[in-house]
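Trainee: One file: start_26.cif (mmCIF, C-alpha atoms).
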```
data_final
#
loop_
_atom_site.label_atom_id
_atom_site.label_comp_id
_atom_site.auth_asym_id
_atom_site.auth_seq_id
_atom_site.Cartn_x
_atom_site.Cartn_y
_atom_site.Cartn_z
CA MET A 1 15.85 47.38 -17.54
CA SER A 2 16.92 49.04 -14.30
CA LYS A 3 13.55 50.78 -14.05
CA VAL A 4 11.77 47.50 -14.73
CA ALA A 5 13.85 45.85 -12.00
CA VAL A 6 12.84 48.56 -9.53
CA VAL A 7 9.16 48.02 -10.35
CA ILE A 8 9.57 44.25 -10.02
CA GLN A 9 11.26 44.56 -6.63
CA ARG A 10 8.73 47.03 -5.31
CA GLU A 11 5.67 45.07 -6.44
CA PHE A 12 7.03 41.72 -5.25
CA LEU A 13 8.19 42.85 -1.80
CA SER A 14 5.12 44.96 -1.09
CA THR A 15 2.91 41.98 -1.90
CA VAL A 16 4.74 39.21 -0.05
CA LYS A 17 5.05 41.34 3.11
CA ARG A 18 1.31 41.76 3.44
CA ARG A 19 -0.25 39.94 6.34
CA SER A 20 -3.13 38.72 4.18
CA TYR A 21 -0.67 37.25 1.66
CA LEU A 22 1.26 35.38 4.37
CA ILE A 23 -1.94 34.04 5.92
CA VAL A 24 -3.28 32.78 2.60
CA THR A 25 0.09 31.38 1.44
CA PHE A 26 1.03 29.46 4.58
CA GLY A 27 -2.33 29.17 6.32
CA MET A 28 -4.29 27.80 3.37
CA PRO A 29 -2.44 24.43 3.24
CA PHE A 30 -2.88 24.06 7.01
CA PHE A 31 -6.62 24.70 6.97
CA VAL A 32 -7.15 22.64 3.81
CA SER A 33 -5.29 19.71 5.42
CA ILE A 34 -7.49 19.92 8.51
CA TYR A 35 -10.63 20.17 6.40
CA LEU A 36 -9.72 17.24 4.16
CA GLY A 37 -8.72 15.22 7.21
CA LEU A 38 -12.08 15.79 8.84
CA VAL A 39 -13.93 15.08 5.59
CA ALA A 40 -12.06 11.79 5.16
CA LEU A 41 -12.24 10.79 8.83
CA VAL A 42 -16.02 10.59 9.11
CA PRO A 43 -16.53 8.20 6.14
CA ALA A 44 -13.51 6.17 7.25
CA MET A 45 -14.91 5.75 10.76
CA PHE A 46 -18.33 4.88 9.36
CA MET A 47 -16.90 2.32 6.97
CA ALA A 48 -14.68 0.86 9.66
CA GLN A 49 -17.65 0.55 12.01
CA SER A 50 -19.87 -0.95 9.33
CA GLY A 51 -17.06 -3.33 8.41
CA ALA A 52 -16.78 -4.49 12.02
CA GLN A 53 -20.55 -4.95 12.27
CA LYS A 54 -21.22 -6.26 8.76
CA LYS A 55 -23.76 -9.04 8.49
CA GLU A 56 -24.01 -12.11 6.32
CA SER A 57 -26.30 -12.61 3.36
CA ALA A 58 -28.69 -15.55 3.24
CA LEU A 59 -28.89 -17.92 0.28
CA VAL A 60 -31.81 -20.23 -0.49
CA ASP A 61 -31.13 -22.72 -3.30
CA GLU A 62 -34.52 -24.01 -4.54
CA ALA A 63 -33.02 -25.03 -7.88
CA GLY A 64 -30.36 -27.26 -6.32
CA VAL A 65 -27.48 -25.85 -8.38
CA VAL A 66 -25.14 -24.61 -5.61
CA HIS A 67 -22.35 -26.97 -4.50
CA ALA A 68 -21.45 -26.75 -0.82
CA GLU A 69 -17.74 -27.21 -1.47
CA GLU A 70 -17.76 -24.13 -3.71
CA ILE A 71 -19.06 -22.03 -0.82
CA ALA A 72 -16.07 -23.12 1.26
CA THR A 73 -13.60 -22.10 -1.46
CA LEU A 74 -15.40 -18.80 -1.86
CA ASP A 75 -15.11 -18.05 1.86
CA GLY A 76 -11.38 -18.68 1.71
CA GLU A 77 -10.91 -16.01 -0.96
CA GLY A 78 -11.06 -12.28 -0.60
CA ILE A 79 -8.13 -9.98 -0.09
CA ASP A 80 -5.11 -11.00 -2.13
CA GLN A 81 -1.65 -11.43 -0.59
CA PRO A 82 -0.31 -7.89 -1.29
CA MET A 83 -3.50 -6.45 0.19
CA ARG A 84 -3.17 -8.69 3.25
CA GLU A 85 0.40 -7.51 3.78
CA LEU A 86 -0.75 -3.91 3.54
CA THR A 87 -3.56 -4.38 6.04
CA LYS A 88 -1.16 -6.20 8.36
CA ARG A 89 1.24 -3.27 8.29
CA LEU A 90 -1.54 -0.75 8.77
CA GLY A 91 -2.98 -2.51 11.78
CA GLY A 92 -0.29 -1.28 14.19
CA THR A 93 -1.70 2.23 14.75
CA ALA A 94 -5.14 3.69 15.37
CA SER A 95 -5.26 5.39 11.98
CA GLY A 96 -3.83 2.25 10.41
CA LYS A 97 -6.60 0.14 11.92
CA THR A 98 -9.16 2.50 10.40
CA ALA A 99 -7.51 2.25 6.99
CA ALA A 100 -7.25 -1.54 7.33
CA ALA A 101 -10.94 -1.73 8.16
CA MET A 102 -11.73 0.30 5.05
CA LEU A 103 -9.68 -2.11 2.94
CA GLU A 104 -11.41 -5.07 4.50
CA GLN A 105 -14.75 -3.43 3.83
CA THR A 106 -14.07 -2.61 0.18
CA ALA A 107 -12.11 -5.72 -0.83
CA GLY A 108 -12.68 -9.44 -0.70
CA SER A 109 -15.71 -11.69 -0.96
CA ALA A 110 -18.87 -11.46 1.14
CA ARG A 111 -20.01 -14.40 3.27
CA LEU A 112 -23.09 -16.30 2.12
CA VAL A 113 -25.03 -18.52 4.55
CA VAL A 114 -27.23 -21.26 3.07
CA PHE A 115 -30.76 -21.67 4.45
CA ALA A 116 -32.81 -24.75 3.72
CA ALA A 117 -36.13 -22.92 3.36
CA ARG A 118 -37.27 -19.54 2.18
CA ASP A 119 -39.35 -18.90 5.31
CA LYS A 120 -36.39 -19.37 7.64
CA ALA A 121 -34.26 -17.01 5.58
CA LEU A 122 -36.93 -14.32 5.58
CA GLU A 123 -37.36 -14.73 9.35
CA ALA A 124 -33.60 -14.19 9.74
CA LEU A 125 -33.93 -11.05 7.63
CA ARG A 126 -36.85 -9.80 9.75
CA SER A 127 -34.84 -10.30 12.96
CA ARG A 128 -31.82 -8.60 11.36
CA GLN A 129 -29.64 -11.70 11.60
CA VAL A 130 -28.80 -11.36 7.92
CA ASP A 131 -28.46 -8.32 5.73
CA LYS A 132 -30.10 -9.65 2.57
CA VAL A 133 -31.72 -12.82 1.21
CA TYR A 134 -31.00 -14.30 -2.20
CA VAL A 135 -33.38 -16.99 -3.48
CA ILE A 136 -32.48 -19.14 -6.48
CA PRO A 137 -35.92 -20.28 -7.76
CA ALA A 138 -36.61 -23.72 -9.14
CA ASP A 139 -36.73 -22.46 -12.74
CA TYR A 140 -33.34 -20.71 -12.50
CA LEU A 141 -31.64 -22.87 -15.14
CA LYS A 142 -34.37 -21.94 -17.61
CA THR A 143 -34.82 -18.25 -16.82
CA GLY A 144 -31.52 -17.21 -15.18
CA GLY A 145 -33.38 -14.96 -12.74
CA ILE A 146 -33.04 -14.83 -8.95
CA GLU A 147 -35.09 -13.17 -6.18
CA THR A 148 -33.61 -10.64 -3.76
CA TYR A 149 -35.13 -9.58 -0.42
CA GLN A 150 -33.96 -6.75 1.80
CA ARG A 151 -35.42 -4.53 4.51
CA SER A 152 -37.06 -1.23 3.64
CA ASP A 153 -34.53 0.66 5.76
CA ALA A 154 -31.52 -0.97 4.11
CA SER A 155 -28.70 1.43 3.31
CA PHE A 156 -26.32 1.44 0.38
CA GLY A 157 -22.81 0.11 0.88
CA PHE A 158 -19.89 -1.82 -0.53
CA GLY A 159 -20.93 -4.97 1.33
CA ARG A 160 -24.14 -5.42 -0.67
CA ALA A 161 -22.34 -5.02 -3.96
CA ARG A 162 -19.76 -7.58 -2.88
CA ALA A 163 -22.51 -10.02 -1.84
CA ARG A 164 -24.00 -9.90 -5.34
CA GLU A 165 -20.57 -10.44 -6.90
CA SER A 166 -19.89 -13.37 -4.56
CA LEU A 167 -23.22 -14.95 -5.50
CA GLU A 168 -22.49 -14.64 -9.21
CA LYS A 169 -19.06 -16.20 -8.71
CA LEU A 170 -20.58 -19.01 -6.64
CA LEU A 171 -23.20 -19.81 -9.27
CA GLY A 172 -20.63 -19.81 -12.03
CA ARG A 173 -18.36 -22.22 -10.19
CA SER A 174 -21.22 -24.48 -9.20
CA LEU A 175 -22.43 -24.73 -12.80
CA MET A 176 -18.93 -25.61 -13.97
CA ALA A 177 -18.32 -28.20 -11.25
CA GLY A 178 -18.21 -31.74 -12.64
CA SER A 179 -18.45 -30.65 -16.28
CA VAL A 180 -15.36 -28.44 -16.71
CA PRO A 181 -11.85 -29.61 -15.77
CA ALA A 182 -10.46 -27.87 -12.68
CA GLU A 183 -7.47 -26.46 -14.61
CA LEU A 184 -9.77 -24.69 -17.07
CA ARG A 185 -12.06 -23.06 -14.52
CA PRO A 186 -9.73 -20.15 -13.62
CA ARG A 187 -9.41 -19.26 -17.32
CA ILE A 188 -13.19 -19.31 -17.78
CA GLU A 189 -13.68 -17.08 -14.76
CA GLN A 190 -10.89 -14.75 -15.90
CA PRO A 191 -10.06 -15.33 -19.58
CA ILE A 192 -7.31 -12.67 -19.65
CA LEU A 193 -5.03 -12.33 -16.64
CA GLY A 194 -3.45 -8.90 -16.67
CA SER A 195 -0.41 -9.80 -14.56
CA ALA A 196 0.55 -12.60 -16.99
CA SER A 197 -0.18 -10.68 -20.20
CA LYS A 198 2.36 -8.72 -22.24
CA SER A 199 1.91 -5.67 -24.46
CA PHE A 200 4.28 -4.23 -27.06
CA THR A 201 4.56 -1.09 -29.17
CA MET A 202 5.93 -0.81 -32.70
CA LYS A 203 8.09 2.14 -33.76
CA ASP A 204 8.11 3.69 -37.22
CA ASP A 205 11.09 1.52 -38.24
CA GLY A 206 9.21 -1.66 -37.31
CA THR A 207 11.12 -2.46 -34.11
CA LEU A 208 9.15 -3.75 -31.14
CA GLU A 209 9.56 -2.86 -27.49
CA PRO A 210 7.53 -3.54 -24.30
CA LEU A 211 4.67 -1.15 -23.68
CA ASP A 212 5.64 1.46 -21.10
CA ILE A 213 2.35 2.14 -19.34
CA ALA A 214 3.92 4.50 -16.80
CA GLY A 215 5.58 6.51 -19.57
CA ARG A 216 2.34 6.81 -21.52
CA ILE A 217 0.49 7.95 -18.43
CA ALA A 218 3.24 10.48 -17.72
CA ARG A 219 2.99 11.89 -21.25
CA VAL A 220 -0.68 12.59 -20.62
CA ALA A 221 -0.31 13.64 -16.98
CA ILE A 222 2.52 16.17 -17.45
CA PRO A 223 0.63 18.37 -19.96
CA GLY A 224 -2.51 18.01 -17.85
CA VAL A 225 -0.70 19.16 -14.71
CA PHE A 226 0.90 22.07 -16.58
CA ALA A 227 -2.50 23.11 -17.97
CA ILE A 228 -4.03 23.07 -14.49
CA LEU A 229 -1.08 25.01 -13.04
CA PHE A 230 -1.36 27.49 -15.90
CA LEU A 231 -5.01 28.16 -15.10
CA MET A 232 -4.33 28.37 -11.36
CA SER A 233 -1.35 30.71 -11.80
CA VAL A 234 -3.33 32.99 -14.08
CA MET A 235 -6.23 33.16 -11.64
CA VAL A 236 -4.03 33.69 -8.58
CA SER A 237 -1.63 36.17 -10.18
CA ALA A 238 -4.41 38.01 -11.99
CA GLY A 239 -5.98 38.79 -8.64
CA TYR A 240 -2.81 40.51 -7.44
CA LEU A 241 -2.34 42.28 -10.78
CA LEU A 242 -5.87 43.67 -10.84
CA GLN A 243 -5.68 44.65 -7.18
CA GLY A 244 -2.40 46.49 -7.68
CA VAL A 245 -3.66 48.38 -10.73
CA ALA A 246 -6.94 49.31 -9.03
CA GLU A 247 -5.19 50.64 -5.89
CA GLU A 248 -2.75 52.84 -7.81
CA LYS A 249 -5.51 54.10 -10.05
CA GLU A 250 -7.72 55.08 -7.12
CA ASN A 251 -5.04 56.85 -5.06
CA ARG A 252 -3.63 58.63 -8.17
CA VAL A 253 -0.09 57.41 -7.51
CA ILE A 254 0.05 56.07 -11.05
CA GLU A 255 0.35 59.57 -12.49
CA VAL A 256 3.57 60.17 -10.56
CA ILE A 257 4.94 56.77 -11.55
CA LEU A 258 4.27 57.29 -15.25
CA SER A 259 6.27 60.52 -15.14
CA SER A 260 9.49 58.49 -14.71
CA VAL A 261 8.58 55.08 -16.17
CA ARG A 262 7.16 54.21 -19.56
CA PRO A 263 3.80 52.40 -19.55
CA ASP A 264 5.27 49.24 -21.10
CA GLN A 265 8.07 49.21 -18.48
CA LEU A 266 5.53 49.62 -15.68
CA LEU A 267 3.33 46.88 -17.13
CA PHE A 268 6.22 44.45 -17.55
CA GLY A 269 7.52 45.19 -14.05
CA LYS A 270 4.10 44.68 -12.51
CA LEU A 271 3.57 41.51 -14.49
CA LEU A 272 6.85 39.96 -13.34
CA GLY A 273 6.70 41.26 -9.76
CA LEU A 274 3.09 40.47 -8.95
CA GLY A 275 3.19 37.36 -11.13
CA ALA A 276 6.21 36.12 -9.17
CA ALA A 277 4.31 36.66 -5.92
CA GLY A 278 1.40 34.63 -7.25
CA LEU A 279 3.67 31.87 -8.54
CA LEU A 280 5.50 31.77 -5.20
CA GLN A 281 2.19 31.22 -3.47
CA LEU A 282 1.37 28.45 -5.93
CA VAL A 283 4.79 26.82 -5.40
CA VAL A 284 4.25 26.77 -1.62
CA TRP A 285 0.87 25.06 -2.03
CA ILE A 286 2.26 22.51 -4.50
CA SER A 287 5.26 21.80 -2.26
CA VAL A 288 3.03 21.09 0.71
CA ALA A 289 0.82 18.84 -1.41
CA SER A 290 3.89 17.03 -2.78
CA MET A 291 5.23 16.37 0.71
CA ALA A 292 1.83 15.03 1.72
CA THR A 293 1.93 12.63 -1.24
CA SER A 294 5.67 11.90 -1.35
CA LEU A 295 5.12 8.46 -2.89
CA LEU A 296 3.18 9.95 -5.79
CA ALA A 297 5.81 12.65 -6.27
CA ALA A 298 8.62 10.05 -6.32
CA THR A 299 6.73 7.99 -8.88
CA ALA A 300 6.19 11.07 -11.06
CA LEU A 301 9.92 11.89 -10.98
CA ALA A 302 10.79 8.32 -11.92
CA VAL A 303 8.75 8.47 -15.15
CA LEU A 304 9.32 12.17 -15.90
CA ASP A 305 10.01 13.01 -19.56
CA PHE A 306 12.34 16.01 -19.38
CA LYS A 307 11.90 16.96 -23.05
CA LEU A 308 8.15 17.06 -22.60
CA PHE A 309 8.57 18.90 -19.30
CA THR A 310 10.79 21.54 -20.93
CA GLY A 311 8.39 22.04 -23.83
CA CYS A 312 5.42 22.48 -21.53
CA LEU A 313 7.43 24.87 -19.34
CA VAL A 314 8.26 27.09 -22.34
CA PHE A 315 4.63 27.42 -23.38
CA PHE A 316 3.62 27.89 -19.73
CA VAL A 317 5.95 30.88 -19.27
CA LEU A 318 5.14 32.50 -22.62
CA GLY A 319 1.42 31.98 -22.14
CA PHE A 320 1.53 33.44 -18.65
CA LEU A 321 3.36 36.56 -19.85
CA MET A 322 0.97 37.15 -22.74
CA LEU A 323 -2.26 36.47 -20.90
CA GLY A 324 -1.13 38.36 -17.79
CA SER A 325 -0.15 41.45 -19.77
CA LEU A 326 -3.41 41.49 -21.74
CA MET A 327 -5.49 41.07 -18.59
CA THR A 328 -3.61 43.85 -16.80
CA GLY A 329 -3.77 46.30 -19.68
CA THR A 330 -7.45 45.67 -20.34
CA ALA A 331 -8.32 45.87 -16.64
CA ALA A 332 -6.86 49.38 -16.52
CA LEU A 333 -9.67 50.55 -18.80
CA GLY A 334 -12.32 49.76 -16.16
CA SER A 335 -13.78 52.54 -14.07
CA ASN A 336 -13.98 50.31 -10.97
CA ALA A 337 -12.66 46.99 -9.67
CA ARG A 338 -15.70 44.97 -10.76
CA GLU A 339 -15.62 46.31 -14.29
CA SER A 340 -11.87 45.66 -14.47
CA GLN A 341 -12.39 42.02 -13.53
CA GLN A 342 -15.10 41.63 -16.15
CA LEU A 343 -12.90 43.11 -18.88
CA ALA A 344 -9.92 40.98 -17.87
CA ALA A 345 -12.02 37.80 -17.90
CA ILE A 346 -12.49 38.17 -21.67
CA TRP A 347 -8.91 37.07 -22.35
CA SER A 348 -8.99 34.10 -19.99
CA THR A 349 -12.22 32.90 -21.62
CA ILE A 350 -10.68 33.11 -25.12
CA THR A 351 -7.58 31.23 -23.92
CA ILE A 352 -9.33 28.45 -22.02
CA MET A 353 -12.62 27.68 -23.76
CA PRO A 354 -11.49 26.56 -27.28
CA PRO A 355 -8.96 23.95 -26.02
CA ALA A 356 -11.38 22.84 -23.31
CA PHE A 357 -14.09 22.03 -25.87
CA THR A 358 -11.77 20.46 -28.45
CA TRP A 359 -9.23 18.57 -26.31
CA MET A 360 -10.46 15.16 -27.46
CA GLY A 361 -10.05 16.14 -31.09
CA ILE A 362 -6.60 17.57 -30.37
CA LEU A 363 -5.46 14.32 -28.75
CA ASP A 364 -6.96 12.17 -31.53
CA ALA A 365 -5.40 14.27 -34.33
CA PRO A 366 -2.52 16.33 -32.87
CA ASN A 367 -1.30 17.32 -36.36
CA GLY A 368 -4.74 17.99 -37.81
CA THR A 369 -5.97 21.34 -39.07
CA MET A 370 -7.88 22.23 -35.91
CA ALA A 371 -4.97 21.32 -33.62
CA ARG A 372 -2.48 23.32 -35.69
CA VAL A 373 -4.73 26.39 -35.94
CA LEU A 374 -5.30 26.47 -32.18
CA GLY A 375 -1.62 25.68 -31.54
CA TRP A 376 -0.34 28.49 -33.75
CA PHE A 377 -2.85 31.10 -32.56
CA PRO A 378 -1.08 32.83 -29.64
CA LEU A 379 -4.12 33.10 -27.36
CA THR A 380 -4.98 29.39 -27.53
CA ALA A 381 -1.43 28.12 -28.05
CA PRO A 382 -0.37 27.53 -24.40
CA ILE A 383 -2.92 24.86 -23.45
CA THR A 384 -3.25 23.45 -26.98
CA MET A 385 0.49 22.91 -27.42
CA MET A 386 0.76 21.26 -24.00
CA LEU A 387 -1.88 18.76 -25.09
CA ARG A 388 -0.23 18.23 -28.49
CA LEU A 389 3.22 17.72 -26.99
CA GLY A 390 1.82 15.01 -24.73
CA THR A 391 0.98 12.85 -27.75
CA GLY A 392 4.65 12.69 -28.85
CA GLN A 393 3.62 13.06 -32.51
CA VAL A 394 4.24 16.79 -33.13
CA PRO A 395 7.24 17.50 -35.44
CA TRP A 396 9.97 19.79 -34.11
CA TRP A 397 9.38 22.47 -36.76
CA ASP A 398 5.73 22.68 -35.69
CA VAL A 399 6.77 23.29 -32.08
CA LEU A 400 9.24 26.03 -33.15
CA VAL A 401 6.59 27.77 -35.26
CA ALA A 402 4.11 27.73 -32.37
CA ALA A 403 6.73 28.99 -29.89
CA GLY A 404 7.86 31.74 -32.28
CA LEU A 405 4.31 32.94 -32.90
CA LEU A 406 3.58 32.88 -29.17
CA ALA A 407 6.77 34.87 -28.41
CA THR A 408 5.69 37.43 -31.03
CA GLY A 409 2.30 37.54 -29.36
CA VAL A 410 3.96 38.25 -26.02
CA TYR A 411 5.85 41.21 -27.50
CA LEU A 412 2.74 42.66 -29.12
CA ALA A 413 0.68 42.04 -25.97
CA VAL A 414 3.15 43.98 -23.83
CA ARG A 415 3.21 46.91 -26.26
CA ILE A 416 -0.56 47.02 -26.69
CA SER A 417 -1.29 46.53 -23.00
CA GLY A 418 1.17 49.27 -22.09
CA ALA A 419 -0.73 51.70 -24.29
CA LEU A 420 -4.06 50.60 -22.83
CA MET A 421 -2.69 50.97 -19.31
CA ARG A 422 -1.49 54.50 -19.98
CA LEU A 423 -4.86 55.45 -21.45
CA GLY A 424 -6.92 53.83 -18.70
CA LEU A 425 -4.85 55.03 -15.75
CA LEU A 426 -4.55 58.63 -16.85
CA MET A 427 -8.26 58.96 -17.68
CA TYR A 428 -9.33 58.71 -14.06
CA GLY A 429 -13.10 58.68 -13.56
CA LYS A 430 -13.78 58.59 -17.30
CA ARG A 431 -14.26 55.59 -19.54
CA PRO A 432 -12.22 55.88 -22.77
CA SER A 433 -14.14 55.65 -26.02
CA VAL A 434 -13.49 53.10 -28.74
CA ARG A 435 -11.92 55.80 -30.95
CA GLU A 436 -9.47 56.76 -28.21
CA ILE A 437 -8.55 53.11 -27.62
CA LEU A 438 -7.90 52.54 -31.35
CA ARG A 439 -5.77 55.71 -31.52
CA GLN A 440 -3.61 54.49 -28.63
CA LEU A 441 -3.25 51.08 -30.27
CA ARG A 442 -2.04 52.71 -33.52
CA HIS A 443 0.59 54.65 -31.57
CA ALA A 444 1.66 51.46 -29.79
#
```
Go ahead and express the file in the form of structure tokens.
Mentor:
Amino acid sequence: MSKVAVVIQREFLSTVKRRSYLIVTFGMPFFVSIYLGLVALVPAMFMAQSGAQKKESALVDEAGVVHAEEIATLDGEGIDQPMRELTKRLGGTASGKTAAAMLEQTAGSARLVVFAARDKALEALRSRQVDKVYVIPADYLKTGGIETYQRSDASFGFGRARARESLEKLLGRSLMAGSVPAELRPRIEQPILGSASKSFTMKDDGTLEPLDIAGRIARVAIPGVFAILFLMSVMVSAGYLLQGVAEEKENRVIEVILSSVRPDQLLFGKLLGLGAAGLLQLVVWISVASMATSLLAATALAVLDFKLFTGCLVFFVLGFLMLGSLMTGTAALGSNARESQQLAAIWSTITIMPPAFTWMGILDAPNGTMARVLGWFPLTAPITMMLRLGTGQVPWWDVLVAAGLLATGVYLAVRISGALMRLGLLMYGKRPSVREILRQLRHA
């Protein structure tokens, strides 16, 4: 273990002290923040400007179904009270005014102006006084169809969609006026009000409890986040692993190292040292992103399921060790850096593709045959078990079996990859044959 510790320390420190590593680790969040800020600023400014200059839509009622008093009530609606409070708070700063304008542009009802005749409405459209013209023809009650007029250079936007929604709401209220009691009209417009509704869940013993939407979302989000971090960590750390192996193979330093360290010790040390450097880089990026979205991070902590978190963490660590060791050992067989990357990509494809294509089936039947086979097979177990754990339906013995098989897979992967590394690194400039690879695997 002392030799492994020396390899870990050497690989980790030599990597984190590189100027390129420091630039990517600390500079990437800075440049990404600037880029995302610029990408978001242009649409925000455009939407704010279009919101300040938005035009009204004309309405011509040839069927005589629209009630004038309903137009007044429609104009008084729009942004609800929580949204109004938010826009009021945002309006104090320049960036807040831009965000408030975006909210005003994307929320609320559009203004409809009634014209007595079709010709006058079309003339207003031609002179750009209105943005669009809606005509309710005389046979509307029979056909249900309306006519829409707009300019040929009209652009797409939220305002036009809101105008159509406002017109539909206006027609519905006008048709109900005088024939439906006022107290029933809100229920006809919105039969089920989410804020006033209640949902419950039933346990196996028949007891009922309120539905915890945040908890259910967290049970799906935590495995999803772990799966994404697993893929990112493998890709980031694999780059450092392959780079380190390729450099030592090209400068022939590996021959001196293997004279004092066993191949499996060298592999495990490289895996932990370079893997730690890659994970550190990932932690820095996630920390910066979490600080940028502190509200989201606080909400996630409030609904965090620590048992689920621990289970996902176990499969994350074991999966990283197994996949990282296999990728490193296989990459050592390549005669150049490109060939090493192609060989290493085989393992990541086997690990990622089956769960990616069957995730819906896994979530629908977490204890089915397919889910159990993929969960017990070490190469597909990490992502599959994260998805299964998120359902909350996997028995504890199933989790222990999957973890035990994955731990066994880690041990075998380290032994096999150590033998492959010794064979590939010592045979410099020569590609080992299949017979030589099988002989090394038998010795391992």
Trainee: Please list as JSON, numbers by chain every residue within 12 Å of Ser20 in chain A, counting all atoms listed in the file and excluding residues in the same chain fewer than 6 positions away.
Mentor: {"A": [14, 26, 27, 28, 240, 281]}
Trainee: Dump C-alpha atoms for the selected residues as a PDB file, in the frame of the given file?
Mentor:
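The resulting again.pdb:
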```
ATOM      1  CA  SER A  14       5.120  44.960  -1.090  1.00  0.00           C
ATOM      2  CA  PHE A  26       1.030  29.460   4.580  1.00  0.00           C
ATOM      3  CA  GLY A  27      -2.330  29.170   6.320  1.00  0.00           C
ATOM      4  CA  MET A  28      -4.290  27.800   3.370  1.00  0.00           C
ATOM      5  CA  TYR A 240      -2.810  40.510  -7.440  1.00  0.00           C
ATOM      6  CA  GLN A 281       2.190  31.220  -3.470  1.00  0.00           C
TER       7      GLN A 281
END
```
Trainee: Kindly resolve the PyMOL selection byres ((chain A and resi 137) around 9) on the present coordinates and return the residues as a list in words.
Mentor: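 Selection result, ordered by chain and number: Val60, Asp61, Glu62, Ala63, Val135, Ile136, Ala138, Asp139, Tyr140, Leu141, Gly145, Ile146 and Glu147 of chain A.
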Trainee: Could you work out how far CA of Asp264 in chain A lies from CA of Thr310 in chain A, giving the answer in Å with one decimal?
Mentor: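 Atom-to-atom, CA of Thr310 in chain A and CA of Asp264 in chain A are spaced 28.2 Å apart.
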Trainee: Please list, as a VMD selection string, the residues that have an atom at most 12 Å away from (-4.5, 23.6, -32.7) in the coordinates of this file, counting all atoms listed in the file.
Mentor: chain A and resid 354 to 389 394 398 to 399 402
Trainee: One number please: CA of Trp397 in chain A to CA of Ile228 in chain A, in Å, one decimal.
Mentor: 26.0 Å
Trainee: Between CA of Ile350 in chain A and CA of Ala419 in chain A, what is the distance, to one decimal in Å?
Mentor: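 Going from CA of Ile350 in chain A over to CA of Ala419 in chain A covers 21.1 Å.
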Trainee: Report the residues retrieved by the PyMOL selection byres ((chain A and resi 121-134) around 7) from the displayed file, expressed as a list in words.
Mentor: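 On this input, the PyMOL selection byres ((chain A and resi 121-134) around 7) captures Lys55, Glu56, Ser57, Ala58, Leu59, Val60, Phe115, Ala117, Arg118, Asp119, Lys120, Val135, Ile136, Glu147, Thr148, Tyr149 and Gln150 of chain A.
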Trainee: Exactly which residues make up the result of the PyMOL selection byres ((chain A and resi 3) around 12) on this file, given as an NGL selection string?
Mentor: :A and (1-2 or 4-10 or 257-258 or 260-270)
Trainee: Need to verify the contact set: Leu171 in chain A, 9 Å, only C-alpha atoms, exclusion of same-chain residues closer than 5 positions in sequence. Can you return it as a list in words?
Mentor: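 These residues fall inside the cut-off: Val65, Val66, His67, Glu70, Ser166 and Met176 of chain A.
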Trainee: Could you take the residues named above and write them with C-alpha atoms, as a PDB file, keeping the file's coordinate frame?
Mentor:
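Output below, filename out.pdb:
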```
ATOM      1  CA  VAL A  65     -27.480 -25.850  -8.380  1.00  0.00           C
ATOM      2  CA  VAL A  66     -25.140 -24.610  -5.610  1.00  0.00           C
ATOM      3  CA  HIS A  67     -22.350 -26.970  -4.500  1.00  0.00           C
ATOM      4  CA  GLU A  70     -17.760 -24.130  -3.710  1.00  0.00           C
ATOM      5  CA  SER A 166     -19.890 -13.370  -4.560  1.00  0.00           C
ATOM      6  CA  MET A 176     -18.930 -25.610 -13.970  1.00  0.00           C
TER       7      MET A 176
END
```
